[in-house]
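**Student:** Dumping the structure here so I can ask a few things about it.
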Amino acid sequence: NHSSICIHKCGDWTQKLMKTITTPTHKPAFVVGPFLSPFSSPAMDSEHLVAVASGIGVTPAISLIKQYSSTSRRLNLIWICRDAGLVEHFLQNVDFGSDGYTLIYYTGRDRELILQDDLPPNVLIFKGRPNLERTICGIITGIATGEGLPEELHNKVLTQTPADMRSKLLLEKALSIYTMDQLYAYTVKASAYHSEGIEPTADTVNYQGVLSTMRHLLGDDYELVTDKITNNFEKVNISGDCQMDFNDFEFFFNLMLEGSNTQESTSM
């Protein structure tokens, strides 16, 4: 029961905005519009639709999916996007429906996508650019013949990312948003908060502060990799005083970014 606005970082103003707002926040705003959607055409009167969008241009198509979800009309979406954060945001917050195909082609090179383990069976993700002619013809043929309709697909898990790999991807995502200095500064504050009356050493972090940072960055996956966090902390904290300086913290973070074949095999 709310409206949302998606802003793509592409110019001076939007870059400054993204740099200023690095964490979720609520701000008042004045909105001018809306303006005519590129999907406003006579073709929209058809019973079956195929929408092709790229990047932030997917927002009108998502509005149409919501609009047609309770009707007999079917909208299939082909979305090409190189922004990992944008793809992840929409996968977590948008209901793409069940009576149309949603084909997402991720073309980004900065990092891998962090996917949910319960994607709907009609939402398919590919890496690379699509062959639009073949893809659109395949959708049309499937709907025209009634073979392989989206709503008839078996409800199965299409992705199963091991916890260790998910934590690695989440930390890589954090480094694309924050600098190591910012993460360390946050952990210093968290360490001071969790000191429980003990005066912390200036500009150092403790075990509880590190746990707080990891919990913030990993979310629900934190509980699945607590053993790895503890083991890596102990590897770095050779003195056993449960304190780390910046260099130790950076070393710890790099250990967290390394894969763990043992843990990965048990998480499958």
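FYI, nothing fancy with the structure tokens labels: chains A, B, ... in order, residues from 1 per chain, ligands from 1 as they appear.
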Set the distance at 7 Å and use only C-alpha atoms: which residues neighbour Tyr105 in chain A once local chain neighbours fewer than 6 positions away are removed? I'd like the list as a ChimeraX atom specification.
**Tutor:** /A:79-81,125-130
**Student:** Could you turn the residues from that selection into a file that holds all heavy atoms, as a CSV table (one decimal), in the first residue's frame?
**Tutor:**
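The result, stored in out.csv:
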```
chain,number,residue,atom,x,y,z
A,79,TRP,N,14.1,-9.0,-19.5
A,79,TRP,CA,14.8,-7.9,-18.9
A,79,TRP,C,16.3,-8.1,-18.9
A,79,TRP,O,16.8,-9.1,-18.5
A,79,TRP,CB,14.3,-7.8,-17.4
A,79,TRP,CG,14.9,-6.6,-16.7
A,79,TRP,CD1,15.4,-5.5,-17.2
A,79,TRP,CD2,15.2,-6.6,-15.2
A,79,TRP,NE1,15.9,-4.6,-16.2
A,79,TRP,CE2,15.8,-5.3,-15.0
A,79,TRP,CE3,14.9,-7.4,-14.2
A,79,TRP,CZ2,16.1,-4.9,-13.7
A,79,TRP,CZ3,15.3,-7.0,-12.9
A,79,TRP,CH2,15.9,-5.8,-12.7
A,80,ILE,N,17.0,-7.1,-19.5
A,80,ILE,CA,18.4,-7.2,-19.6
A,80,ILE,C,19.0,-6.1,-18.7
A,80,ILE,O,18.6,-4.9,-18.8
A,80,ILE,CB,18.9,-6.9,-21.1
A,80,ILE,CG1,18.1,-7.8,-22.1
A,80,ILE,CG2,20.3,-7.0,-21.3
A,80,ILE,CD1,18.0,-7.3,-23.5
A,81,CYS,N,19.8,-6.5,-17.8
A,81,CYS,CA,20.3,-5.6,-16.8
A,81,CYS,C,21.8,-5.9,-16.4
A,81,CYS,O,22.1,-7.1,-16.2
A,81,CYS,CB,19.4,-5.6,-15.6
A,81,CYS,SG,19.8,-4.4,-14.3
A,125,ILE,N,16.9,-16.9,-14.8
A,125,ILE,CA,18.0,-15.9,-14.8
A,125,ILE,C,19.1,-16.5,-15.7
A,125,ILE,O,19.5,-17.7,-15.5
A,125,ILE,CB,18.5,-15.6,-13.4
A,125,ILE,CG1,17.4,-15.0,-12.6
A,125,ILE,CG2,19.7,-14.7,-13.5
A,125,ILE,CD1,17.7,-14.7,-11.1
A,126,PHE,N,19.6,-15.7,-16.6
A,126,PHE,CA,20.7,-16.1,-17.5
A,126,PHE,C,21.8,-15.1,-17.4
A,126,PHE,O,21.6,-13.9,-17.1
A,126,PHE,CB,20.2,-16.2,-18.9
A,126,PHE,CG,19.0,-17.1,-19.1
A,126,PHE,CD1,17.7,-16.5,-19.1
A,126,PHE,CD2,19.1,-18.4,-19.4
A,126,PHE,CE1,16.6,-17.3,-19.2
A,126,PHE,CE2,18.0,-19.2,-19.6
A,126,PHE,CZ,16.7,-18.6,-19.5
A,127,LYS,N,23.0,-15.6,-17.7
A,127,LYS,CA,24.1,-14.6,-17.7
A,127,LYS,C,24.5,-14.4,-19.1
A,127,LYS,O,24.8,-15.3,-19.9
A,127,LYS,CB,25.3,-15.3,-16.9
A,127,LYS,CG,26.4,-14.3,-16.7
A,127,LYS,CD,27.4,-14.7,-15.7
A,127,LYS,CE,28.5,-13.7,-15.4
A,127,LYS,NZ,29.4,-14.1,-14.3
A,128,GLY,N,24.6,-13.1,-19.5
A,128,GLY,CA,24.9,-12.7,-20.9
A,128,GLY,C,23.7,-12.1,-21.6
A,128,GLY,O,22.6,-12.1,-21.0
A,129,ARG,N,23.9,-11.7,-22.8
A,129,ARG,CA,22.8,-11.1,-23.6
A,129,ARG,C,22.0,-12.1,-24.3
A,129,ARG,O,22.5,-13.2,-24.7
A,129,ARG,CB,23.4,-10.1,-24.6
A,129,ARG,CG,24.1,-8.9,-24.0
A,129,ARG,CD,24.6,-7.9,-25.0
A,129,ARG,NE,25.2,-6.8,-24.3
A,129,ARG,CZ,24.5,-5.7,-23.9
A,129,ARG,NH1,23.1,-5.7,-24.1
A,129,ARG,NH2,25.0,-4.7,-23.3
A,130,PRO,N,20.7,-11.8,-24.5
A,130,PRO,CA,19.8,-12.8,-25.1
A,130,PRO,C,19.8,-12.7,-26.7
A,130,PRO,O,20.2,-11.7,-27.2
A,130,PRO,CB,18.4,-12.4,-24.6
A,130,PRO,CG,18.5,-10.9,-24.5
A,130,PRO,CD,19.9,-10.6,-24.0
```
**Student:** Mind the document's chain letters and residue numbers, and return as JSON, numbers by chain the residues of range 1-240 of chain A that DSSP labels strand (DSSP E).
**Tutor:** {"A": [48, 49, 50, 51, 52, 53, 54, 74, 75, 76, 77, 78, 79, 80, 81, 102, 103, 104, 105, 106, 123, 124, 125, 126, 127, 205, 206]}
**Student:** May I have all residues of range 168-265 of chain A that DSSP, computed from the backbone, assigns to helix (DSSP H, G or I), given as number ranges by chain?
**Tutor:** A: 168-177, 180-193, 207-236, 246-257, 261-265
**Student:** Fewer than 3 positions away in the same chain doesn't count, so skip those; otherwise give me all residues within 6 Å of Val205 in chain A, counting only C-alpha atoms, as JSON, numbers by chain.
**Tutor:** {"A": [188, 191, 243, 244]}
**Student:** Mind checking which residues fall within 12 Å of Thr230 in chain A, counting only C-alpha atoms, ignoring those fewer than 2 positions away in the same chain, and posting them as a list in words?
**Tutor:**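 Residues meeting the cut-off are Asn206, Tyr207, Gln208, Val210, Leu211, Met214, Tyr222, Glu223, Leu224, Val225, Thr226, Asp227, Lys228, Asn232, Phe233, Glu234, Lys235, Val236, Asn237, Cys242, Phe252, Leu255 and Met256 of chain A.
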**Student:** Using only C-alpha atoms, can you tell me which of A:Glu147, A:Tyr184, A:Asp245, A:Lys173 comes closest to Glu88 in chain A?
**Tutor:** A:Lys173
**Student:** Could you tell me how far CA of Arg215 in chain A lies from CA of Lys27 in chain A, in Å and to one decimal?
**Tutor:** 25.7 Å
**Student:** Could you state the separation of CA of Lys66 in chain A and CA of Gly138 in chain A in Å, given to one decimal place?
**Tutor:** 23.5 Å
**Student:** List the spatial neighbours of Val123 in chain A as a list in words - criterion: any atom at most 9 Å away, only C-alpha atoms, same-chain residues fewer than 4 positions off excluded.
**Tutor:** Phe96, Ser98, Gly100, Tyr101, Thr102, Leu103, Ile104 and Leu119 of chain A
**Student:** Let's have the selection written as a PDB file, in the first residue's frame, with all heavy atoms.
**Tutor:**
```
ATOM      1  N   PHE A  96       6.490 -11.109  -9.535  1.00  0.00           N
ATOM      2  CA  PHE A  96       6.447 -11.134 -10.989  1.00  0.00           C
ATOM      3  C   PHE A  96       5.279 -11.958 -11.528  1.00  0.00           C
ATOM      4  O   PHE A  96       5.176 -12.174 -12.734  1.00  0.00           O
ATOM      5  CB  PHE A  96       7.766 -11.688 -11.557  1.00  0.00           C
ATOM      6  CG  PHE A  96       8.918 -10.729 -11.441  1.00  0.00           C
ATOM      7  CD1 PHE A  96       9.799 -10.810 -10.379  1.00  0.00           C
ATOM      8  CD2 PHE A  96       9.104  -9.735 -12.386  1.00  0.00           C
ATOM      9  CE1 PHE A  96      10.855  -9.930 -10.264  1.00  0.00           C
ATOM     10  CE2 PHE A  96      10.158  -8.853 -12.280  1.00  0.00           C
ATOM     11  CZ  PHE A  96      11.042  -8.940 -11.214  1.00  0.00           C
ATOM     12  N   SER A  98       2.596 -15.359 -11.880  1.00  0.00           N
ATOM     13  CA  SER A  98       2.827 -16.772 -12.177  1.00  0.00           C
ATOM     14  C   SER A  98       2.328 -17.188 -13.559  1.00  0.00           C
ATOM     15  O   SER A  98       2.535 -18.332 -13.966  1.00  0.00           O
ATOM     16  CB  SER A  98       2.129 -17.644 -11.121  1.00  0.00           C
ATOM     17  OG  SER A  98       0.728 -17.382 -11.114  1.00  0.00           O
ATOM     18  N   GLY A 100       3.095 -15.626 -16.521  1.00  0.00           N
ATOM     19  CA  GLY A 100       3.937 -15.132 -17.608  1.00  0.00           C
ATOM     20  C   GLY A 100       5.390 -15.440 -17.307  1.00  0.00           C
ATOM     21  O   GLY A 100       5.786 -15.576 -16.142  1.00  0.00           O
ATOM     22  N   TYR A 101       6.177 -15.569 -18.346  1.00  0.00           N
ATOM     23  CA  TYR A 101       7.604 -15.805 -18.151  1.00  0.00           C
ATOM     24  C   TYR A 101       8.302 -14.495 -17.784  1.00  0.00           C
ATOM     25  O   TYR A 101       8.027 -13.446 -18.361  1.00  0.00           O
ATOM     26  CB  TYR A 101       8.238 -16.360 -19.421  1.00  0.00           C
ATOM     27  CG  TYR A 101       7.951 -17.811 -19.666  1.00  0.00           C
ATOM     28  CD1 TYR A 101       7.114 -18.206 -20.699  1.00  0.00           C
ATOM     29  CD2 TYR A 101       8.525 -18.792 -18.860  1.00  0.00           C
ATOM     30  CE1 TYR A 101       6.847 -19.555 -20.932  1.00  0.00           C
ATOM     31  CE2 TYR A 101       8.264 -20.140 -19.091  1.00  0.00           C
ATOM     32  CZ  TYR A 101       7.425 -20.506 -20.125  1.00  0.00           C
ATOM     33  OH  TYR A 101       7.167 -21.834 -20.344  1.00  0.00           O
ATOM     34  N   THR A 102       9.227 -14.559 -16.832  1.00  0.00           N
ATOM     35  CA  THR A 102      10.127 -13.447 -16.536  1.00  0.00           C
ATOM     36  C   THR A 102      11.539 -13.951 -16.785  1.00  0.00           C
ATOM     37  O   THR A 102      12.062 -14.778 -16.020  1.00  0.00           O
ATOM     38  CB  THR A 102       9.970 -12.975 -15.082  1.00  0.00           C
ATOM     39  OG1 THR A 102       8.659 -12.441 -14.893  1.00  0.00           O
ATOM     40  CG2 THR A 102      10.993 -11.881 -14.773  1.00  0.00           C
ATOM     41  N   LEU A 103      12.140 -13.493 -17.858  1.00  0.00           N
ATOM     42  CA  LEU A 103      13.484 -13.922 -18.243  1.00  0.00           C
ATOM     43  C   LEU A 103      14.443 -12.765 -17.984  1.00  0.00           C
ATOM     44  O   LEU A 103      14.348 -11.718 -18.623  1.00  0.00           O
ATOM     45  CB  LEU A 103      13.509 -14.328 -19.719  1.00  0.00           C
ATOM     46  CG  LEU A 103      12.437 -15.330 -20.170  1.00  0.00           C
ATOM     47  CD1 LEU A 103      12.595 -15.646 -21.648  1.00  0.00           C
ATOM     48  CD2 LEU A 103      12.503 -16.599 -19.335  1.00  0.00           C
ATOM     49  N   ILE A 104      15.351 -12.962 -17.045  1.00  0.00           N
ATOM     50  CA  ILE A 104      16.293 -11.914 -16.658  1.00  0.00           C
ATOM     51  C   ILE A 104      17.679 -12.282 -17.179  1.00  0.00           C
ATOM     52  O   ILE A 104      18.206 -13.356 -16.874  1.00  0.00           O
ATOM     53  CB  ILE A 104      16.331 -11.746 -15.133  1.00  0.00           C
ATOM     54  CG1 ILE A 104      14.928 -11.405 -14.604  1.00  0.00           C
ATOM     55  CG2 ILE A 104      17.326 -10.670 -14.721  1.00  0.00           C
ATOM     56  CD1 ILE A 104      14.837 -11.364 -13.091  1.00  0.00           C
ATOM     57  N   LEU A 119      13.224 -18.903  -5.782  1.00  0.00           N
ATOM     58  CA  LEU A 119      12.713 -18.174  -6.928  1.00  0.00           C
ATOM     59  C   LEU A 119      11.527 -18.918  -7.542  1.00  0.00           C
ATOM     60  O   LEU A 119      11.529 -20.147  -7.628  1.00  0.00           O
ATOM     61  CB  LEU A 119      13.805 -18.010  -7.993  1.00  0.00           C
ATOM     62  CG  LEU A 119      14.948 -17.040  -7.694  1.00  0.00           C
ATOM     63  CD1 LEU A 119      15.946 -17.057  -8.842  1.00  0.00           C
ATOM     64  CD2 LEU A 119      14.437 -15.627  -7.482  1.00  0.00           C
TER      65      LEU A 119
END
```
**Student:** Quick one: residues within 12 Å of Lys9 in chain A, only C-alpha atoms counted, chain neighbours fewer than 4 positions away excluded, as a list in words?
**Tutor:** Trp13, Thr14, Gln15, Lys16, Leu17, Met18, Lys19, Gly55, Ile56, Asp83, Gly85 and Leu86 of chain A
**Student:** One decimal, Å: what's the distance from CA of Ser239 in chain A over to CA of Ser212 in chain A, could you say?
**Tutor:**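 CA of Ser212 in chain A lies at a distance of 21.5 Å from CA of Ser239 in chain A.
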**Student:** Give me the residues near Ile177 in chain A as number ranges by chain, where near means some atom within 10 Å (using only C-alpha atoms) and where sequence neighbours in that chain fewer than 3 positions away do not count.
**Tutor:** A: 18-19, 22-23, 171-174, 180, 182
**Student:** Emit the selected residues as a CSV table (one decimal), in the first residue's frame, including all heavy atoms.
**Tutor:**
```csv
chain,number,residue,atom,x,y,z
A,18,MET,N,23.4,9.0,-4.5
A,18,MET,CA,23.7,7.6,-4.1
A,18,MET,C,24.9,7.7,-3.1
A,18,MET,O,25.0,6.9,-2.2
A,18,MET,CB,24.1,6.8,-5.3
A,18,MET,CG,23.0,6.6,-6.3
A,18,MET,SD,21.7,5.6,-5.5
A,18,MET,CE,20.5,5.5,-6.9
A,19,LYS,N,25.8,8.6,-3.3
A,19,LYS,CA,26.9,8.8,-2.3
A,19,LYS,C,26.5,9.3,-1.0
A,19,LYS,O,27.0,8.9,0.1
A,19,LYS,CB,28.0,9.7,-2.9
A,19,LYS,CG,29.3,9.8,-2.1
A,19,LYS,CD,30.3,10.7,-2.8
A,19,LYS,CE,31.6,10.8,-2.0
A,19,LYS,NZ,32.6,11.7,-2.7
A,22,THR,N,23.8,6.1,1.7
A,22,THR,CA,24.5,4.8,1.5
A,22,THR,C,23.7,3.7,2.3
A,22,THR,O,24.0,2.6,2.2
A,22,THR,CB,25.9,4.9,2.0
A,22,THR,OG1,25.9,5.3,3.4
A,22,THR,CG2,26.7,5.8,1.2
A,23,THR,N,22.8,4.1,3.1
A,23,THR,CA,22.0,3.1,3.9
A,23,THR,C,20.5,3.4,3.7
A,23,THR,O,20.1,4.6,3.4
A,23,THR,CB,22.3,3.2,5.4
A,23,THR,OG1,22.1,4.5,5.9
A,23,THR,CG2,23.8,2.8,5.6
A,171,LEU,N,29.6,-10.2,1.2
A,171,LEU,CA,30.7,-9.4,1.6
A,171,LEU,C,31.3,-8.7,0.4
A,171,LEU,O,31.8,-7.5,0.6
A,171,LEU,CB,31.8,-10.3,2.3
A,171,LEU,CG,31.3,-10.8,3.7
A,171,LEU,CD1,32.4,-11.7,4.3
A,171,LEU,CD2,30.9,-9.8,4.7
A,172,GLU,N,31.4,-9.3,-0.7
A,172,GLU,CA,31.8,-8.6,-1.9
A,172,GLU,C,30.9,-7.4,-2.3
A,172,GLU,O,31.3,-6.4,-2.7
A,172,GLU,CB,31.9,-9.6,-3.1
A,172,GLU,CG,33.1,-10.6,-3.0
A,172,GLU,CD,33.1,-11.6,-4.1
A,172,GLU,OE1,32.1,-11.6,-4.9
A,172,GLU,OE2,34.1,-12.3,-4.3
A,173,LYS,N,29.6,-7.7,-2.1
A,173,LYS,CA,28.6,-6.6,-2.3
A,173,LYS,C,28.9,-5.5,-1.3
A,173,LYS,O,28.8,-4.3,-1.7
A,173,LYS,CB,27.2,-7.2,-2.1
A,173,LYS,CG,26.1,-6.1,-2.3
A,173,LYS,CD,24.8,-6.7,-2.1
A,173,LYS,CE,23.6,-5.7,-2.2
A,173,LYS,NZ,22.3,-6.3,-2.0
A,174,ALA,N,29.2,-5.8,-0.1
A,174,ALA,CA,29.4,-4.7,0.9
A,174,ALA,C,30.6,-3.9,0.5
A,174,ALA,O,30.6,-2.7,0.7
A,174,ALA,CB,29.7,-5.4,2.3
A,180,MET,N,36.9,-0.2,3.1
A,180,MET,CA,37.4,-1.0,4.3
A,180,MET,C,37.5,0.0,5.5
A,180,MET,O,37.2,-0.4,6.6
A,180,MET,CB,38.7,-1.6,4.0
A,180,MET,CG,39.2,-2.6,5.1
A,180,MET,SD,38.1,-4.0,5.2
A,180,MET,CE,38.4,-4.9,3.7
A,182,GLN,N,35.5,2.5,6.2
A,182,GLN,CA,34.1,2.7,6.7
A,182,GLN,C,33.7,1.5,7.5
A,182,GLN,O,33.1,1.6,8.6
A,182,GLN,CB,33.2,3.0,5.5
A,182,GLN,CG,33.4,4.3,4.9
A,182,GLN,CD,32.5,4.5,3.7
A,182,GLN,OE1,32.3,3.6,2.9
A,182,GLN,NE2,31.9,5.7,3.5
```
